[in-house]
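Shown here: coords_24.csv, CSV, C-alpha atoms and all ligand atoms.
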chain,number,residue,atom,x,y,z
A,93,MET,CA,0.0,0.0,0.0
A,94,ILE,CA,2.7,2.4,1.1
A,95,ASN,CA,4.7,1.4,-1.9
A,96,ARG,CA,1.8,2.2,-4.3
A,97,PHE,CA,1.3,5.6,-2.7
A,98,LEU,CA,5.0,6.4,-3.1
A,99,ARG,CA,5.0,5.3,-6.7
A,100,ILE,CA,2.0,7.6,-7.5
A,101,THR,CA,3.6,10.5,-5.7
A,102,PHE,CA,6.8,10.0,-7.7
A,103,ILE,CA,5.0,9.9,-11.0
A,104,LEU,CA,3.0,13.0,-10.2
A,105,THR,CA,6.1,14.9,-9.1
A,106,GLY,CA,7.8,13.8,-12.3
A,107,LEU,CA,4.9,15.0,-14.4
A,108,VAL,CA,4.9,18.4,-12.7
A,109,LEU,CA,8.6,18.8,-13.3
A,110,LEU,CA,8.3,17.8,-16.9
A,111,PHE,CA,5.4,20.0,-17.9
A,112,PRO,CA,5.6,23.1,-15.7
A,113,VAL,CA,2.7,25.4,-16.0
A,114,THR,CA,3.8,28.2,-18.3
A,115,GLY,CA,2.7,31.6,-17.3
A,116,SER,CA,2.4,34.7,-19.5
A,117,ALA,CA,5.8,36.0,-18.3
A,118,GLU,CA,7.8,33.9,-20.6
A,119,THR,CA,11.1,35.3,-21.8
A,120,PRO,CA,10.4,36.8,-25.2
A,121,LEU,CA,12.3,35.3,-28.2
A,122,PRO,CA,15.1,37.4,-29.5
A,123,VAL,CA,14.4,39.8,-32.3
A,124,ILE,CA,17.0,39.3,-35.0
A,125,HIS,CA,17.8,41.8,-37.7
A,126,GLU,CA,17.4,40.3,-41.1
A,127,PRO,CA,19.6,41.8,-43.8
A,128,GLU,CA,17.6,43.9,-46.2
A,129,GLY,CA,17.5,43.7,-50.0
A,130,ASP,CA,16.2,41.4,-52.6
A,131,GLY,CA,18.0,38.2,-53.1
A,132,VAL,CA,20.2,38.7,-50.1
A,133,LYS,CA,20.8,35.2,-48.8
A,134,CYS,CA,23.0,33.7,-46.1
A,135,VAL,CA,25.8,31.4,-47.0
A,136,GLU,CA,23.9,28.4,-45.5
A,137,PRO,CA,20.2,27.8,-44.7
A,138,GLU,CA,19.0,29.3,-41.5
A,139,ASP,CA,18.8,26.1,-39.4
A,140,VAL,CA,22.3,25.1,-40.5
A,141,MET,CA,23.7,28.5,-39.5
A,142,ARG,CA,21.9,28.4,-36.2
A,143,ARG,CA,23.5,25.1,-35.2
A,144,ASP,CA,26.9,25.4,-36.9
A,145,HIS,CA,27.9,29.0,-37.3
A,146,MET,CA,30.5,28.7,-34.6
A,147,ASN,CA,32.1,25.7,-36.3
A,148,PHE,CA,32.3,27.5,-39.6
A,149,ILE,CA,33.8,30.6,-38.1
A,150,LEU,CA,36.3,28.6,-36.0
A,151,HIS,CA,37.4,26.6,-39.0
A,152,GLN,CA,37.9,29.7,-41.1
A,153,ARG,CA,39.6,31.4,-38.3
A,154,ASP,CA,42.5,29.0,-38.2
A,155,GLU,CA,42.8,28.8,-42.0
A,156,THR,CA,42.9,32.6,-42.3
A,157,MET,CA,45.2,33.2,-39.4
A,158,HIS,CA,47.8,30.5,-40.2
A,159,GLU,CA,47.5,29.8,-43.9
A,160,GLY,CA,46.3,33.1,-45.3
A,161,ILE,CA,43.1,31.7,-46.8
A,162,ARG,CA,40.8,34.6,-47.3
A,163,THR,CA,37.7,33.3,-49.0
A,164,SER,CA,34.6,35.3,-48.0
A,165,LYS,CA,32.1,32.5,-47.6
A,166,TYR,CA,32.6,31.9,-43.8
A,167,SER,CA,34.5,35.0,-43.1
A,168,PHE,CA,33.6,36.6,-39.8
A,169,ALA,CA,34.0,40.1,-41.3
A,170,GLU,CA,31.4,39.2,-43.9
A,171,CYS,CA,28.9,38.1,-41.2
A,172,ILE,CA,29.3,41.5,-39.7
A,173,ASN,CA,29.2,43.4,-43.0
A,174,CYS,CA,25.8,41.8,-43.9
A,175,HIS,CA,24.1,41.4,-40.5
A,176,VAL,CA,25.1,44.6,-38.6
A,177,GLU,CA,23.2,47.6,-39.9
A,178,PRO,CA,22.2,50.9,-38.4
A,179,ASP,CA,18.7,51.3,-37.0
A,180,ASP,CA,16.2,53.9,-38.3
A,181,ASN,CA,18.0,56.6,-36.4
A,182,GLY,CA,21.4,55.7,-37.9
A,183,ASN,CA,22.7,54.1,-34.6
A,184,ILE,CA,24.5,50.8,-34.5
A,185,ALA,CA,23.9,48.6,-31.5
A,186,ALA,CA,27.3,47.7,-29.8
A,187,ALA,CA,28.2,44.1,-29.3
A,188,ASP,CA,27.1,44.2,-25.7
A,189,SER,CA,23.6,45.3,-26.5
A,190,LYS,CA,20.7,42.9,-27.1
A,191,ASP,CA,20.0,44.7,-30.3
A,192,HIS,CA,23.3,43.6,-31.8
A,193,PHE,CA,22.7,40.8,-34.3
A,194,CYS,CA,25.0,38.3,-32.5
A,195,ASN,CA,24.2,39.3,-29.0
A,196,ALA,CA,20.5,39.1,-29.5
A,197,CYS,CA,20.6,35.3,-29.4
A,198,HIS,CA,23.7,34.9,-27.3
A,199,GLU,CA,22.1,36.9,-24.5
A,200,TYR,CA,18.9,34.9,-24.8
A,201,ALA,CA,20.8,31.7,-24.7
A,202,ALA,CA,23.1,32.9,-21.9
A,203,VAL,CA,26.2,32.0,-24.0
A,204,THR,CA,28.9,34.6,-23.5
A,205,ILE,CA,31.2,35.2,-26.5
A,206,ASP,CA,34.5,37.1,-26.5
A,207,CYS,CA,34.9,37.6,-30.2
A,208,PHE,CA,34.2,41.3,-29.8
A,209,GLU,CA,37.0,41.8,-27.3
A,210,CYS,CA,39.2,42.0,-30.3
A,211,HIS,CA,37.0,42.0,-33.4
A,212,ALA,CA,35.1,45.0,-34.7
A,213,ASP,CA,31.4,44.7,-34.0
A,214,ARG,CA,30.3,46.7,-37.0
A,215,PRO,CA,31.2,47.1,-40.7
A,216,GLN,CA,34.3,49.2,-41.4
A,217,LYS,CA,32.3,52.1,-42.8
A,218,PHE,CA,30.6,52.6,-39.4
A,219,ILE,CA,33.7,52.5,-37.4
A,220,ASN,CA,34.1,55.9,-35.7
A,221,ARG,CA,37.3,56.2,-33.7
A,222,GLY,CA,35.9,58.8,-31.4
A,223,GLY,CA,32.7,57.0,-30.9
A,224,LYS,CA,31.5,54.8,-28.0
A,225,SER,CA,31.1,51.2,-28.9
A,226,SER,CA,30.3,50.0,-25.5
A,227,ALA,CA,28.8,51.4,-22.3
A,228,LEU,CA,31.0,49.2,-20.2
A,229,GLN,CA,34.3,50.3,-21.8
A,230,GLU,CA,33.2,53.9,-21.7
A,231,GLU,CA,32.6,53.6,-18.0
A,232,MET,CA,36.0,52.0,-17.5
A,233,HIS,CA,37.7,54.8,-19.2
A,234,GLN,CA,35.8,57.3,-17.1
A,235,MET,CA,37.0,55.4,-14.0
A,236,LEU,CA,40.6,55.5,-15.2
A,237,THR,CA,40.3,59.2,-15.8
A,238,VAL,CA,39.2,59.8,-12.3
A,239,ILE,CA,41.8,57.5,-10.8
A,240,GLU,CA,44.6,59.0,-12.6
A,241,GLY,CA,43.4,62.5,-12.1
A,242,THR,CA,44.3,63.4,-15.6
A,243,GLY,CA,40.9,65.0,-16.3
A,244,GLY,CA,41.8,64.7,-19.9
A,245,GLU,CA,39.7,63.0,-22.5
A,246,LEU,CA,40.7,59.5,-23.2
A,247,LYS,CA,40.2,58.3,-26.7
B,136,MET,CA,74.0,37.5,-46.5
B,137,SER,CA,72.5,37.2,-49.9
B,138,ASP,CA,73.1,33.5,-49.8
B,139,CYS,CA,70.4,33.1,-47.2
B,140,VAL,CA,68.0,35.2,-49.1
B,141,ASN,CA,68.7,33.3,-52.2
B,142,GLN,CA,68.2,29.9,-50.7
B,143,SER,CA,65.1,28.8,-52.5
B,144,ARG,CA,65.5,30.9,-55.6
B,145,ARG,CA,66.4,28.0,-57.8
B,146,SER,CA,63.4,25.9,-56.8
B,147,PHE,CA,61.2,28.9,-57.2
B,148,LEU,CA,62.4,29.5,-60.7
B,149,GLU,CA,61.7,25.9,-61.6
B,150,LYS,CA,58.2,25.9,-60.1
B,151,SER,CA,56.7,29.1,-61.4
B,152,ALA,CA,56.7,31.6,-64.1
B,153,VAL,CA,58.2,34.7,-62.7
B,154,VAL,CA,56.5,38.1,-63.2
B,155,GLY,CA,58.3,41.2,-62.1
B,156,ALA,CA,56.7,43.8,-59.9
B,157,ILE,CA,55.5,46.8,-61.7
B,158,THR,CA,57.3,49.9,-60.6
B,159,ILE,CA,56.9,53.6,-61.5
B,160,ALA,CA,60.0,54.7,-59.8
B,161,PRO,CA,62.6,53.0,-57.6
B,162,GLY,CA,60.9,52.3,-54.2
B,163,ILE,CA,57.4,53.0,-55.3
B,164,LEU,CA,55.6,49.8,-56.2
B,165,LEU,CA,52.2,50.0,-57.7
B,166,HIS,CA,49.4,48.4,-55.6
B,167,GLN,CA,49.6,45.2,-57.4
B,168,VAL,CA,52.4,42.9,-56.3
B,169,ALA,CA,53.2,40.1,-58.7
B,170,ASN,CA,52.9,36.4,-57.8
B,171,ALA,CA,50.2,37.0,-55.2
B,172,LYS,CA,48.1,33.9,-54.5
B,173,PRO,CA,44.4,33.3,-55.0
B,174,ASP,CA,42.2,33.8,-51.9
B,175,ASP,CA,41.4,30.1,-51.5
B,176,GLN,CA,45.1,28.9,-51.6
B,177,PRO,CA,47.3,28.6,-48.6
B,178,VAL,CA,50.5,30.7,-48.4
B,179,SER,CA,53.6,28.8,-49.4
B,180,ASP,CA,57.3,29.1,-48.9
B,181,THR,CA,58.0,29.8,-52.5
B,182,VAL,CA,57.5,33.4,-51.4
B,183,ARG,CA,59.3,35.2,-48.7
B,184,TRP,CA,58.1,38.6,-48.1
B,185,GLY,CA,60.6,41.2,-47.1
B,186,MET,CA,61.4,44.9,-46.9
B,187,LEU,CA,64.4,47.0,-47.8
B,188,ILE,CA,64.9,50.3,-46.1
B,189,ASN,CA,67.2,52.9,-47.5
B,190,THR,CA,68.1,55.0,-44.4
B,191,ASN,CA,69.7,57.7,-46.7
B,192,ASN,CA,66.2,58.5,-47.9
B,193,CYS,CA,64.5,58.3,-44.5
B,194,GLU,CA,63.9,61.8,-43.2
B,195,GLN,CA,64.5,62.6,-39.6
B,196,GLY,CA,61.3,63.7,-37.9
B,197,CYS,CA,59.1,62.2,-40.6
B,198,THR,CA,56.4,59.9,-39.2
B,199,ASP,CA,54.5,59.1,-42.4
B,200,CYS,CA,55.1,55.3,-42.0
B,201,ILE,CA,54.1,55.3,-38.3
B,202,ASP,CA,50.9,57.3,-39.0
B,203,ALA,CA,49.9,55.1,-41.8
B,204,CYS,CA,50.5,52.0,-39.6
B,205,ASN,CA,48.5,53.4,-36.7
B,206,THR,CA,45.6,54.2,-39.0
B,207,GLU,CA,45.7,50.9,-40.8
B,208,HIS,CA,45.6,48.9,-37.6
B,209,GLY,CA,43.5,51.3,-35.5
B,210,LEU,CA,46.2,51.8,-33.0
B,211,VAL,CA,44.9,54.4,-30.7
B,212,GLY,CA,47.1,55.2,-27.7
B,213,ASN,CA,46.0,56.1,-24.2
B,214,ASN,CA,48.5,58.8,-23.7
B,215,ARG,CA,50.8,56.3,-22.0
B,216,PRO,CA,53.9,56.3,-24.2
B,217,GLN,CA,55.6,53.6,-22.0
B,218,SER,CA,52.9,51.1,-22.7
B,219,ASP,CA,51.0,52.2,-25.7
B,220,THR,CA,51.2,49.8,-28.6
B,221,GLN,CA,53.8,50.5,-31.3
B,222,TYR,CA,54.2,48.3,-34.4
B,223,ILE,CA,56.8,50.6,-35.9
B,224,ARG,CA,59.0,53.3,-34.4
B,225,LYS,CA,61.7,55.7,-35.6
B,226,VAL,CA,65.1,55.1,-34.2
B,227,THR,CA,67.9,57.7,-34.5
B,228,LEU,CA,71.5,56.5,-34.6
B,229,ARG,CA,74.4,58.8,-34.0
B,230,ASP,CA,78.0,58.0,-34.9
B,231,LYS,CA,79.9,59.3,-31.9
B,232,MET,CA,83.1,60.0,-33.9
B,233,THR,CA,81.7,61.8,-36.9
B,234,GLY,CA,78.5,63.1,-35.3
B,235,HIS,CA,76.6,61.8,-38.3
B,236,GLU,CA,73.0,61.0,-37.5
B,237,LEU,CA,70.6,58.7,-39.3
B,238,SER,CA,67.0,57.9,-38.7
B,239,LEU,CA,65.4,54.6,-39.5
B,240,PRO,CA,62.0,52.9,-39.0
B,241,LEU,CA,62.2,49.8,-36.9
B,242,MET,CA,59.5,47.2,-36.7
B,243,CYS,CA,59.3,43.4,-36.4
B,244,GLN,CA,62.1,42.1,-38.6
B,245,HIS,CA,60.2,38.9,-39.4
B,246,CYS,CA,63.2,36.7,-38.5
B,247,GLU,CA,63.6,33.4,-40.2
B,248,THR,CA,64.7,31.7,-37.0
B,249,ALA,CA,62.4,33.8,-34.8
B,250,PRO,CA,63.2,33.8,-31.0
B,251,CYS,CA,59.6,34.9,-30.3
B,252,VAL,CA,58.4,31.7,-31.9
B,253,ASP,CA,60.9,29.5,-30.0
B,254,VAL,CA,59.8,30.7,-26.6
B,255,CYS,CA,56.0,30.8,-27.0
B,256,PRO,CA,54.4,28.1,-24.8
B,257,THR,CA,51.2,28.0,-26.7
B,258,GLY,CA,52.1,28.2,-30.3
B,259,ALA,CA,50.4,31.6,-30.6
B,260,SER,CA,53.6,33.2,-31.8
B,261,PHE,CA,54.2,31.6,-35.1
B,262,GLN,CA,55.5,32.2,-38.6
B,263,ARG,CA,53.6,31.8,-41.8
B,264,LYS,CA,55.2,29.8,-44.6
B,265,ASP,CA,55.9,33.0,-46.4
B,266,GLY,CA,58.0,34.2,-43.5
B,267,ILE,CA,55.6,36.7,-41.8
B,268,ALA,CA,55.8,36.4,-38.0
B,269,LEU,CA,52.4,36.8,-36.3
B,270,VAL,CA,50.6,36.4,-33.0
B,271,ASP,CA,47.5,34.2,-33.1
B,272,LYS,CA,45.6,36.2,-30.5
B,273,HIS,CA,43.0,33.5,-30.2
B,274,ILE,CA,45.5,31.3,-28.4
B,275,CYS,CA,47.9,33.9,-26.9
B,276,ILE,CA,47.8,33.8,-23.1
B,277,GLY,CA,49.5,37.1,-22.6
B,278,CYS,CA,52.6,35.6,-20.9
B,279,ARG,CA,54.8,38.1,-22.8
B,280,TYR,CA,57.7,35.6,-23.1
B,281,CYS,CA,58.0,36.6,-26.8
B,282,MET,CA,58.3,40.3,-25.8
B,283,MET,CA,61.3,39.4,-23.7
B,284,ALA,CA,62.8,37.2,-26.4
B,285,CYS,CA,62.6,39.6,-29.3
B,286,PRO,CA,66.0,41.4,-29.7
B,287,TYR,CA,64.3,44.3,-31.5
B,288,LYS,CA,61.7,45.1,-28.9
B,289,ALA,CA,59.2,44.8,-31.6
B,290,ARG,CA,56.3,43.5,-29.6
B,291,SER,CA,53.7,45.3,-27.5
B,292,PHE,CA,51.2,44.1,-24.9
B,293,VAL,CA,47.7,45.4,-25.0
B,294,HIS,CA,47.1,46.6,-21.4
B,295,GLU,CA,43.7,48.2,-21.8
B,296,ALA,CA,40.3,47.4,-23.2
B,297,VAL,CA,40.2,48.3,-26.9
B,298,ASN,CA,37.3,49.5,-28.9
B,299,ASN,CA,36.7,50.7,-32.4
B,300,GLN,CA,39.2,48.2,-33.9
B,301,THR,CA,39.3,48.2,-37.7
B,302,LEU,CA,37.6,45.2,-39.3
B,303,SER,CA,40.8,43.9,-40.8
B,304,ALA,CA,43.0,44.3,-37.7
B,305,PRO,CA,41.4,42.7,-34.6
B,306,ARG,CA,43.3,43.5,-31.4
B,307,GLY,CA,42.3,43.2,-27.8
B,308,LYS,CA,43.3,43.4,-24.1
B,309,GLY,CA,45.6,40.7,-22.7
B,310,THR,CA,47.4,39.7,-25.9
B,311,VAL,CA,50.7,40.6,-27.5
B,312,GLU,CA,50.9,42.1,-30.9
B,313,SER,CA,53.4,43.4,-33.4
B,314,CYS,CA,53.9,44.4,-37.0
B,315,THR,CA,52.0,42.0,-39.2
B,316,MET,CA,53.7,43.2,-42.4
B,317,CYS,CA,50.1,44.2,-43.2
B,318,VAL,CA,49.3,40.5,-43.8
B,319,HIS,CA,45.7,41.4,-44.6
B,320,ARG,CA,46.8,43.7,-47.4
B,321,VAL,CA,49.6,41.5,-48.7
B,322,ASP,CA,47.1,38.6,-49.0
B,323,LYS,CA,45.0,41.0,-51.2
B,324,ASP,CA,47.9,41.9,-53.5
B,325,GLN,CA,48.6,45.2,-51.7
B,326,ILE,CA,51.8,46.5,-50.2
B,327,PRO,CA,52.1,47.3,-46.5
B,328,ALA,CA,50.6,50.6,-45.4
B,329,CYS,CA,54.0,52.1,-44.2
B,330,VAL,CA,55.7,51.3,-47.6
B,331,GLU,CA,52.8,52.9,-49.4
B,332,ALA,CA,52.9,56.0,-47.2
B,333,CYS,CA,56.6,56.4,-47.6
B,334,GLY,CA,56.3,56.3,-51.4
B,335,LYS,CA,53.3,58.7,-51.4
B,336,GLY,CA,55.3,61.1,-49.3
B,337,LYS,CA,58.0,61.0,-52.0
B,338,HIS,CA,60.6,59.7,-49.6
B,339,ASP,CA,61.0,56.3,-51.3
B,340,ALA,CA,62.9,54.9,-48.3
B,341,MET,CA,61.0,51.6,-48.1
B,342,MET,CA,60.6,48.8,-50.6
B,343,PHE,CA,58.5,45.7,-50.2
B,344,GLY,CA,58.6,42.5,-52.2
B,345,ASP,CA,59.4,38.8,-52.5
B,346,LEU,CA,63.0,38.0,-51.5
B,347,ASN,CA,62.7,34.6,-53.1
B,348,ASP,CA,62.0,36.0,-56.5
B,349,PRO,CA,65.2,37.0,-58.2
B,350,ASN,CA,63.3,39.3,-60.6
B,351,SER,CA,61.5,41.2,-57.9
B,352,GLU,CA,62.6,44.8,-57.5
B,353,ILE,CA,63.7,44.2,-53.9
B,354,SER,CA,65.9,41.2,-54.8
B,355,LYS,CA,67.5,43.1,-57.7
B,356,GLU,CA,68.3,46.0,-55.4
B,357,LEU,CA,69.6,43.7,-52.7
B,358,GLU,CA,71.8,42.0,-55.3
B,359,LYS,CA,73.1,45.3,-56.6
B,360,HIS,CA,73.6,47.3,-53.5
B,361,GLY,CA,73.2,44.9,-50.6
B,362,GLY,CA,71.3,45.4,-47.4
B,363,LYS,CA,72.3,44.8,-43.9
B,364,GLN,CA,70.5,43.1,-41.0
B,365,ILE,CA,70.3,44.9,-37.7
B,366,ARG,CA,72.2,42.7,-35.2
B,367,ALA,CA,73.3,40.4,-38.0
B,368,ASP,CA,75.5,38.7,-35.3
B,369,LEU,CA,72.3,37.0,-34.0
B,370,GLN,CA,71.9,35.1,-37.3
B,371,LEU,CA,68.2,35.4,-37.4
B,372,ASN,CA,68.1,36.0,-41.2
B,373,THR,CA,65.7,38.9,-40.9
B,374,ALA,CA,63.3,39.7,-43.8
B,375,VAL,CA,63.8,43.5,-43.2
B,376,ARG,CA,67.1,44.8,-44.5
B,377,TYR,CA,68.7,48.2,-44.3
B,378,GLN,CA,70.9,50.2,-46.6
B,379,GLY,CA,73.1,53.1,-45.5
B,380,LEU,CA,73.8,51.8,-41.9
C,401,LIG,S1,61.7,40.8,-34.8
C,401,LIG,FE1,61.0,40.1,-32.8
C,401,LIG,S2,58.8,39.8,-33.0
C,401,LIG,FE2,59.7,39.9,-35.1
C,401,LIG,S3,60.1,37.8,-35.7
C,401,LIG,FE3,62.0,38.6,-34.8
C,401,LIG,S4,61.9,38.0,-32.6
C,401,LIG,FE4,59.8,37.8,-33.5
C,402,LIG,S1,52.5,36.5,-25.0
C,402,LIG,FE1,51.2,35.2,-26.3
C,402,LIG,S2,52.4,35.1,-28.3
C,402,LIG,FE2,53.8,35.8,-26.7
C,402,LIG,S3,54.9,34.0,-25.9
C,402,LIG,FE3,53.1,34.4,-24.5
C,402,LIG,S4,51.4,33.1,-25.5
C,402,LIG,FE4,53.0,33.3,-27.0

What does this structure look like when you write it as C-alpha cells?
Amino acid sequence: MINRFLRITFILTGLVLLFPVTGSAETPLPVIHEPEGDGVKCVEPEDVMRRDHMNFILHQRDETMHEGIRTSKYSFAECINCHVEPDDNGNIAAADSKDHFCNACHEYAAVTIDCFECHADRPQKFINRGGKSSALQEEMHQMLTVIEGTGGELK
Amino acid sequence: MSDCVNQSRRSFLEKSAVVGAITIAPGILLHQVANAKPDDQPVSDTVRWGMLINTNNCEQGCTDCIDACNTEHGLVGNNRPQSDTQYIRKVTLRDKMTGHELSLPLMCQHCETAPCVDVCPTGASFQRKDGIALVDKHICIGCRYCMMACPYKARSFVHEAVNNQTLSAPRGKGTVESCTMCVHRVDKDQIPACVEACGKGKHDAMMFGDLNDPNSEISKELEKHGGKQIRADLQLNTAVRYQGL
C-alpha cells in the first residue's frame, strides 16, 4: 500500500517537473535583424547556421590566421558586413547590446562570446574612432580618468 | 648574407613563371604585387616577403610610416607612451666620432629563426610559410615571453580594453601584438601601409617584395647594393634589411 502511494507520488512529481505550467511572463524570443535587400541570402540555410555557425567561423579562423586563406564564404568580417546595420536613427547597437545581431541570441541563450573583445562589432564604414562602442568600456575609461586624475579626454 | 635570401631561388624558378613587380620609380611599387596567391590557396614558402629600407632617404622627424601603420591597424594610444602599442617606431643612430645621425624605421624584422616563436608556450607566436611572423591572439595567453625574447623590442602588450578596432586588424586586451607586415593587405595583393605612405610622401625609403623571386625589385636592389641586417650577429636571417647603416 505504502509502496503504491510512493509510486504515484513520484509519477505526479515527475509530471509536474516535466510540464511546468507556463505563465504569461515567458522570456520573449530574441528579435533578429534580417539583412535587407532582394535576393540577399545567407551562405547556408538558417537552421544550419543556427547550429553550426560557430564551427564554420572557428574553422575559417585558423585557416585565415595560419594559412592566409581569405575566402569570403565563412568570413567573420562578412557576417558583420551583412548582418550589422544601423537602425532607423542611424545608430548601431554595440556588441554588448541585445539589439546587436550576435548578442540578441547569445544573451537569450546565456552564452557569452568574447569575439568582440578583439574584433570590430560593425562594418568598417561605421567605425568611428571617437565613438563609443560599449557602455562598459566607456565607464572603465571614465573610472581611469578619475583614478589617474588626468581629467583629460581618453580616446 | 644574400646566400640566405637566395636559398630557394632556384626551386622557385623551376616551379613558377616569374612576373616582375611593376614599378613607377625606384621604391614605389604599384598596388599590385606580382605572384600574389588566389584567396582560397594557402600561403607557401615559394614566397618570402621582405622589406628593404634605405636609411639615406629616411627623413629625420618624418612619421609618415608610423601614422599610416596606426591608421591601418586602428592603434589608438591612451597617452601612456611607456605602454601604448607600437608596431613601428623611428630610431635615431648617432655616430659618436663623426656626429653623423641617421634615422630609420624599426618594426618586427620577421626573422627566419624567430626567437619569439621559439619561446611561445602555446604556439600563438608563429610564422607563416611566407615568412611573416604573427601572434594568433585566439591562443595567446599574454605571458609576454615573446616580448622578452625579441631582440628588437618589436612587440607590445595590450594593457587596456580596446574599442573601435578596424575590421581587418582585430586586437584586444591581454594579448601581445606586433607588425604583421600588413598581412591582410599582402594577401589581397597590396603592399604594407608604411611602404605605401613612404612612397606617397615621396621619400622612397621603403621597398616591399618577394625575397625569393630573383626578378623582384627588392631582390635586384639587394643584389646590386646589398642590405644589412640589424644585429646580424644573432643570425636570425631577418626579412627586413637596411641600406646606409
Ligand atoms: S623581430 Fe622580434 S617579434 Fe619579429 S620575428 Fe624577430 S623575434 Fe619575433
Ligand atoms: S605572450 Fe602570447 S604570443 Fe607571446 S609567448 Fe606568450 S602566449 Fe606566445

Q) Which residues sit within 6 Å of ligand LIG 402 (chain C), counting all atoms listed in the file, listed as number ranges by chain? A) B: 254-257, 259-260, 270, 275-281, 310-311

Q | Counting all atoms listed in the file, the residue of B:Arg215, B:Arg183, B:Lys355, B:Arg224 that sits nearest Ala203 of chain B | A |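 Result for the nearest residue to Ala203 of chain B: B:Arg224.
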
(Q) Residues of chain A were defined as contacting chain B if any atom lay at most 6 Å from it, counting all atoms listed in the file; please report them as an MDAnalysis selection string. (A) chainID A and resid 159:163 209:212 216 221

Q: Take atom CA of Gly266 of chain B and atom CA of Trp184 of chain B and report the distance between them in Å, one decimal.
A: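 Atom-to-atom, atom CA of Gly266 of chain B and atom CA of Trp184 of chain B are spaced 6.4 Å apart.
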
Q: Using atom CA of His175 of chain A and atom CA of His125 of chain A as the two end points, give the distance in Å to one decimal.
A: 6.9 Å

Q.
For a test of reading the model, state the distance in Å between atom CA of Ile201 of chain B and atom CA of Ile223 of chain B, rounded to one decimal.
A.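 Going from atom CA of Ile201 of chain B over to atom CA of Ile223 of chain B covers 5.9 Å.
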
Q: Name the residues, by chain letter and number, that sit within 7 Å of ligand LIG 401 (chain C) using only C-alpha atoms and all ligand atoms, and give them as a PyMOL selection string.
A: chain B and resi 243-246+249-252+268+284-290+313

Q: Tell me which of B:Leu228, B:Leu237, B:Ile274, B:Cys204 sits closest to Asp154 of chain A, counting all atoms listed in the file.
A: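 Answer, going by the shortest atom-to-atom distance: B:Ile274.
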
Q. Counting only C-alpha atoms, which of A:Gly182, A:Pro215, A:Gly129, A:Pro122 gets nearest to Glu199 of chain A?
A.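 Of all the options, A:Pro122 lies closest to Glu199 of chain A.
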
Q) Which residue gives the smallest distance to Ser218 of chain B among B:Thr181, B:Gln370, B:Gln195, B:Ser291, with all atoms listed in the file counted? A) B:Ser291
